[in-house]
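Step one of this worksheet: look at the structure below.
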2 protein chains.
Amino acid sequence: MTRRRATIDDVAAQAGLSIKTVSRVLNGEPNVRPQTRDRVLAAAKGLAYQPNVSARRLASKRSFVIGLLYDNPDSDYVMAIQDGALAVCRRLDYHLLIHPCRTLAPSLVDEAVSLHHRSTVDGLILTQPVADFEPLIRALIEADIAFVRISQRDSAGDSPCVSVDDERAARLMTDHLILLGHTNIGFIIGHPDHGSSHDRLLGFRASLQAHGLSPDRAPVEQGLYTFDSGFACAQRLLARDPRPTAIFASDDHMAMGVLTAAYEKKLAVPAELSVCGFDDTPMARYACPPLTTARQPIRQVARVATECLVNRLQGKDPGERRYVLESKLILRESTSRCGTRR
Amino acid sequence: MTRRRATIDDVAAQAGLSIKTVSRVLNGEPNVRPQTRDRVLAAAKGLAYQPNVSARRLASKRSFVIGLLYDNPDSDYVMAIQDGALAVCRRLDYHLLIHPCRTLAPSLVDEAVSLHHRSTVDGLILTQPVADFEPLIRALIEADIAFVRISQRDSAGDSPCVSVDDERAARLMTDHLILLGHTNIGFIIGHPDHGSSHDRLLGFRASLQAHGLSPDRAPVEQGLYTFDSGFACAQRLLARDPRPTAIFASDDHMAMGVLTAAYEKKLAVPAELSVCGFDDTPMARYACPPLTTARQPIRQVARVATECLVNRLQGKDPGERRYVLESKLILRESTSRCGTRR
DNA sequence: CTGAAAGCGCTAACAA
DNA sequence: TTGTTAGCGCTTTCAG
């Protein structure tokens, strides 16, 4: 007993108006008498009318879909980004198409451009590290595809970028450790392809410098934003002489690796070793001991990026070219005064 | 210098054929001479032709999009489901529309039906707990919308469901604890709205029964699949007399809560208390000590569900009405022989 | 095996 | 403020 779905013609007939007027009302265009508006709305409701998105897309040459590209194994990060983007999409009546990818796959550029050329998406949001992948950026500019980058690195073209002030947060975190009396602080750098890694290192060094400690003599290891890399780097750091009294890992996954390395070496945290991470992933709260870390407003980053993209797509005020949001320190039990025994 | 995008007419003209023939080739329909086929393909490639999906959707009255509904705070789970679904979508040339939702939101049913009526999606994949939400199921059947449920509970209609054999896995896990000599095993039930909670409890009880232990006398607490609920339940279990020598939490988040409760009570795990979880979330490996748990083939569940849905949408062999995949135990350091002191 | 014509349901000029 | 007329680019009958 499934009746034919009502179309705009049915609504127009029912309301005794032309389809154009119906279209106007439905799209919130101006120049419609309130009374006419109400008649249309009543007819639409009466017929349980639902506009057909495919027809709208074809006729308007817009898809009202934005694509989200990411190449990131961290589920918590990705979910937060999706969440933020979806919140804005719902509000602005857009859809979100998720497109996980591999930055190094040779097909990446084609995939992205193709999404637009088949008019599957109107624009793209890029997260790190794809957001910093030059060949892709160039291709998008070349093909005149709208996009917004979630990254702190600047890039060619006038595409906006949204980011978090990693450098500042890393500086504050290091300040915190120094304030606790630590002078020999080990640092684990994040994945070399992520711009954030670089900024966090800069913040670390800036703080040391500001406190009269030599950044170049600080023990530093190169990690990959993974538990295992954090574990390995911690082992190397803890084998140094003198042994660092604190380790600042560039993200929570690596910090968890540090915790495990300390555990295996029977070093009490924080009594003998202070540890801090970055990102405040959900598990940080549940680590033993709970991890001091920095919380980033990831959802908000995604919201800002999405809003910015949609504004551009709709030809509105393009807004800033660069948005920088601030993180905040979350102090938990994994850090304490240097040399403190419980 | 962006030239107009090539359309099917351009390809037809270039190949000296009708658009219908081009359409045939592009859609892999039969009854085309190989030579003609090649001519079309060559022309398409030469013009860098990309079919316009909106036009295709409008004309064929299909969107080639499937919607994924979920109401689950566990990022790892959701990402795995998305991953599996996307893998199949790519292979079958479908798109995936993610739709996180709230099971109890009054608008849920309308949202879901509307997705189909606006021809945004051709069908839906439902995960727990939405998959078990009767009002939604009824509405989908009523509206004649194709869907596949990821759930172990059976439901009205002939919609297929895909699940993991939770009961069996929980039974095996309990067998494992009993084999280690535990007879006083505490159990923490999962969220009451998730069918999996019930099945895992059944498996636990079945194993006790099979080994001559009384299921009704076993210490059991009701949790919510969250760290905090696991923590609270563990506190209650550990306050009992006699104190359980092992705790089986229905998921890893709750198991992490158990670990923390044990830590606070200065109970060594596994020496004084064996702990096991369920799901093998990434963090299980990094817990202190690493958690014994059960790994579910979540990606594969999503793959099967997606394949099944697309088959139905394409009117192919509908396949089974019910798919049950098997989990496997992952034994790590959080469980050991009862009464063992390191 | 191939083609011509008729829409799919909507938006976009341009009139009225 | 409202209506008319063309398409948007494809798939689908139905003929050849």
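Numbering starts fresh at 1 for the residues of each chain in the structure tokens, the chains themselves are lettered A, B, ... in the order given, and ligands are numbered from 1 as they appear.
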Practice item. Please identify every residue of chain B that has at least one atom no more than 7 Å from any atom of chain A, counting only C-alpha atoms, and report them as JSON, numbers by chain. Key: {"B": [50, 51, 52, 53, 54, 55, 57, 58, 75, 76, 79, 97, 117, 118, 119, 120]}
What's the 6 Å shell around region 165-178 of chain B, counting only C-alpha atoms (C1' of nucleotides), without same-chain residues fewer than 2 positions away, as a list in words? Leu180, Gly181, His182, Asp199, Arg200, Gly203, Phe204, Ser207, Val324 and Glu326 of chain B
The distance between CA of Ala305 (chain A) and CA of Ala139 (chain A) is 20.0 Å
TODO: Write out as a PyMOL selection string all residues of region 80-206 of chain A that DSSP puts in helix (DSSP H, G or I) for this structure's backbone.
DONE: chain A and resi 80-92+108-117+130-132+134-142+166-179+195-206
Go ahead and dump the residues you just picked, C-alpha atoms, as a compact mmCIF listing (two decimals), in the first residue's frame.
```
# COMPACT_ATOMS: atom_id res chain seq x y z
CA ALA A 80 35.84 13.84 17.47
CA ILE A 81 36.46 15.36 14.07
CA GLN A 82 33.48 13.57 12.55
CA ASP A 83 31.35 14.67 15.45
CA GLY A 84 32.22 18.32 15.12
CA ALA A 85 31.79 18.29 11.36
CA LEU A 86 28.45 16.50 11.59
CA ALA A 87 27.11 18.96 14.13
CA VAL A 88 27.60 21.81 11.70
CA CYS A 89 26.42 19.81 8.70
CA ARG A 90 23.15 19.08 10.39
CA ARG A 91 22.61 22.66 11.28
CA LEU A 92 23.35 23.88 7.77
CA LEU A 108 44.80 9.74 -3.53
CA VAL A 109 44.83 12.82 -5.74
CA ASP A 110 42.56 11.19 -8.31
CA GLU A 111 40.16 10.03 -5.67
CA ALA A 112 39.83 13.48 -4.21
CA VAL A 113 39.44 15.28 -7.51
CA SER A 114 37.03 12.65 -8.73
CA LEU A 115 34.78 13.11 -5.71
CA HIS A 116 34.28 16.65 -6.85
CA HIS A 117 34.07 16.06 -10.57
CA VAL A 130 46.76 14.75 4.20
CA ALA A 131 46.27 18.45 4.87
CA ASP A 132 50.00 18.92 4.53
CA GLU A 134 51.55 19.21 -1.18
CA PRO A 135 50.71 17.26 -4.35
CA LEU A 136 47.12 17.00 -3.20
CA ILE A 137 46.88 20.66 -2.26
CA ARG A 138 48.25 21.68 -5.62
CA ALA A 139 45.82 19.43 -7.48
CA LEU A 140 42.85 20.82 -5.56
CA ILE A 141 43.84 24.39 -6.28
CA GLU A 142 44.45 23.51 -9.91
CA ASP A 166 50.38 23.29 19.78
CA GLU A 167 53.46 25.28 20.36
CA ARG A 168 51.97 27.30 23.17
CA ALA A 169 50.48 24.25 24.86
CA ALA A 170 53.78 22.37 24.67
CA ARG A 171 55.51 25.40 26.12
CA LEU A 172 53.07 25.56 29.01
CA MET A 173 53.45 21.86 29.64
CA THR A 174 57.21 22.20 29.79
CA ASP A 175 56.88 25.25 32.04
CA HIS A 176 54.82 23.06 34.34
CA LEU A 177 57.55 20.43 34.53
CA ILE A 178 60.26 23.01 35.12
CA LEU A 179 58.16 24.61 37.83
CA GLY A 195 53.00 19.37 11.46
CA SER A 196 51.91 19.15 15.08
CA SER A 197 55.06 17.18 15.95
CA HIS A 198 57.23 20.03 14.90
CA ASP A 199 55.25 22.66 16.77
CA ARG A 200 55.23 20.68 19.97
CA LEU A 201 58.97 20.31 19.80
CA LEU A 202 59.31 24.05 19.25
CA GLY A 203 57.21 24.77 22.32
CA PHE A 204 59.31 22.41 24.40
CA ARG A 205 62.52 24.07 23.29
CA ALA A 206 61.13 27.56 23.76
```
### Message
I want to know what sits within 10 Å of DG16 (chain D), based on only C-alpha atoms (C1' of nucleotides), with residues of the same chain fewer than 4 positions away left out; could you give that as number ranges by chain?
### Response
C: 2-4
> What residues in chain A lie within 8 Å of chain D, counting only C-alpha atoms (C1' of nucleotides), written as a PyMOL selection string?
Replying inline: chain A and resi 18+20-21+31-33+58-61
For C-alpha atoms, I'd like the residues from the last selection saved as a compact mmCIF listing (two decimals), in the first residue's frame.
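File selection06.txt, as written:
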```
# COMPACT_ATOMS: atom_id res chain seq x y z
CA SER A 18 3.16 27.21 -9.16
CA LYS A 20 8.41 27.84 -8.46
CA THR A 21 6.65 29.39 -5.52
CA ASN A 31 9.85 37.63 -1.76
CA VAL A 32 7.05 35.36 -0.69
CA ARG A 33 3.99 36.63 1.08
CA LEU A 58 21.18 17.86 -10.45
CA ALA A 59 19.30 21.06 -11.08
CA SER A 60 21.33 23.25 -8.78
CA LYS A 61 24.65 21.69 -9.70
```
Q) Counting only C-alpha atoms (C1' of nucleotides), which residues of chain C come no farther than 12 Å from chain B, as number ranges by chain? A) C: 1-10
Would you mind exporting the chosen residues as a PDB file, in the first residue's frame, restricted to N, CA and C atoms (P, O5', C5', C4', C3', O3' and C1' of nucleotides)?
```pdb
ATOM      1  P    DC C   1      25.685  -9.691 -29.073  1.00  0.00           P
ATOM      2  O5'  DC C   1      25.313  -8.391 -29.856  1.00  0.00           O
ATOM      3  C5'  DC C   1      26.257  -7.397 -30.158  1.00  0.00           C
ATOM      4  C4'  DC C   1      25.489  -6.334 -30.882  1.00  0.00           C
ATOM      5  C3'  DC C   1      25.628  -4.939 -30.245  1.00  0.00           C
ATOM      6  O3'  DC C   1      26.358  -4.117 -31.148  1.00  0.00           O
ATOM      7  C1'  DC C   1      23.389  -5.381 -30.912  1.00  0.00           C
ATOM      8  P    DT C   2      26.891  -2.744 -30.750  1.00  0.00           P
ATOM      9  O5'  DT C   2      25.641  -1.791 -30.944  1.00  0.00           O
ATOM     10  C5'  DT C   2      25.393  -1.254 -32.245  1.00  0.00           C
ATOM     11  C4'  DT C   2      24.126  -0.471 -32.232  1.00  0.00           C
ATOM     12  C3'  DT C   2      24.186   0.871 -31.496  1.00  0.00           C
ATOM     13  O3'  DT C   2      24.239   1.890 -32.475  1.00  0.00           O
ATOM     14  C1'  DT C   2      22.115  -0.257 -31.179  1.00  0.00           C
ATOM     15  P    DG C   3      24.354   3.415 -32.016  1.00  0.00           P
ATOM     16  O5'  DG C   3      22.826   3.839 -31.994  1.00  0.00           O
ATOM     17  C5'  DG C   3      22.093   3.786 -33.197  1.00  0.00           C
ATOM     18  C4'  DG C   3      20.686   4.277 -32.963  1.00  0.00           C
ATOM     19  C3'  DG C   3      20.606   5.663 -32.314  1.00  0.00           C
ATOM     20  O3'  DG C   3      19.630   6.411 -33.015  1.00  0.00           O
ATOM     21  C1'  DG C   3      19.321   4.118 -31.076  1.00  0.00           C
ATOM     22  P    DA C   4      19.618   7.997 -33.004  1.00  0.00           P
ATOM     23  O5'  DA C   4      18.061   8.315 -32.955  1.00  0.00           O
ATOM     24  C5'  DA C   4      17.091   7.270 -33.150  1.00  0.00           C
ATOM     25  C4'  DA C   4      15.746   7.741 -32.637  1.00  0.00           C
ATOM     26  C3'  DA C   4      15.678   9.199 -32.214  1.00  0.00           C
ATOM     27  O3'  DA C   4      14.359   9.669 -32.459  1.00  0.00           O
ATOM     28  C1'  DA C   4      15.398   7.809 -30.301  1.00  0.00           C
ATOM     29  P    DA C   5      13.938  11.163 -32.107  1.00  0.00           P
ATOM     30  O5'  DA C   5      13.097  10.911 -30.782  1.00  0.00           O
ATOM     31  C5'  DA C   5      12.136   9.855 -30.776  1.00  0.00           C
ATOM     32  C4'  DA C   5      11.539   9.714 -29.386  1.00  0.00           C
ATOM     33  C3'  DA C   5      11.201  11.048 -28.723  1.00  0.00           C
ATOM     34  O3'  DA C   5       9.970  10.877 -28.044  1.00  0.00           O
ATOM     35  C1'  DA C   5      12.632   9.820 -27.323  1.00  0.00           C
ATOM     36  P    DA C   6       9.203  12.137 -27.434  1.00  0.00           P
ATOM     37  O5'  DA C   6       8.898  11.629 -25.955  1.00  0.00           O
ATOM     38  C5'  DA C   6       8.626  10.235 -25.723  1.00  0.00           C
ATOM     39  C4'  DA C   6       8.846   9.935 -24.254  1.00  0.00           C
ATOM     40  C3'  DA C   6       8.455  11.093 -23.325  1.00  0.00           C
ATOM     41  O3'  DA C   6       7.838  10.540 -22.184  1.00  0.00           O
ATOM     42  C1'  DA C   6      10.670  10.494 -22.913  1.00  0.00           C
ATOM     43  P    DG C   7       6.968  11.465 -21.196  1.00  0.00           P
ATOM     44  O5'  DG C   7       8.037  12.647 -20.934  1.00  0.00           O
ATOM     45  C5'  DG C   7       8.318  13.044 -19.580  1.00  0.00           C
ATOM     46  C4'  DG C   7       8.844  11.877 -18.757  1.00  0.00           C
ATOM     47  C3'  DG C   7       9.230  12.306 -17.359  1.00  0.00           C
ATOM     48  O3'  DG C   7       8.849  11.340 -16.410  1.00  0.00           O
ATOM     49  C1'  DG C   7      11.151  11.547 -18.528  1.00  0.00           C
ATOM     50  P    DC C   8       8.352  11.790 -15.003  1.00  0.00           P
ATOM     51  O5'  DC C   8       9.590  11.517 -14.037  1.00  0.00           O
ATOM     52  C5'  DC C   8      10.079  10.221 -13.743  1.00  0.00           C
ATOM     53  C4'  DC C   8      11.352  10.363 -12.934  1.00  0.00           C
ATOM     54  C3'  DC C   8      11.308  11.537 -11.951  1.00  0.00           C
ATOM     55  O3'  DC C   8      11.021  11.020 -10.653  1.00  0.00           O
ATOM     56  C1'  DC C   8      13.377  11.516 -13.235  1.00  0.00           C
ATOM     57  P    DG C   9       9.714  11.537  -9.879  1.00  0.00           P
ATOM     58  O5'  DG C   9      10.206  12.926  -9.272  1.00  0.00           O
ATOM     59  C5'  DG C   9      11.289  12.929  -8.367  1.00  0.00           C
ATOM     60  C4'  DG C   9      11.849  14.323  -8.268  1.00  0.00           C
ATOM     61  C3'  DG C   9      10.827  15.386  -7.852  1.00  0.00           C
ATOM     62  O3'  DG C   9      11.402  16.090  -6.780  1.00  0.00           O
ATOM     63  C1'  DG C   9      12.034  16.092  -9.742  1.00  0.00           C
ATOM     64  P    DC C  10      10.692  17.298  -6.069  1.00  0.00           P
ATOM     65  O5'  DC C  10      11.616  18.514  -6.530  1.00  0.00           O
ATOM     66  C5'  DC C  10      12.906  18.615  -5.966  1.00  0.00           C
ATOM     67  C4'  DC C  10      13.843  19.315  -6.913  1.00  0.00           C
ATOM     68  C3'  DC C  10      13.741  20.831  -6.893  1.00  0.00           C
ATOM     69  O3'  DC C  10      14.712  21.350  -5.970  1.00  0.00           O
ATOM     70  C1'  DC C  10      14.005  19.946  -9.116  1.00  0.00           C
TER      71       DC C  10
END
```
Using Å and a single decimal, report how far CA of Cys233 (chain B) sits from CA of Asp251 (chain B).
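Distance between the two atoms: 12.7 Å.
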- Quick one: pull the distance between CA of Ile330 (chain A) and CA of Leu237 (chain A), Å, one decimal.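 Taking CA of Ile330 (chain A) and CA of Leu237 (chain A), their separation equals 24.0 Å.
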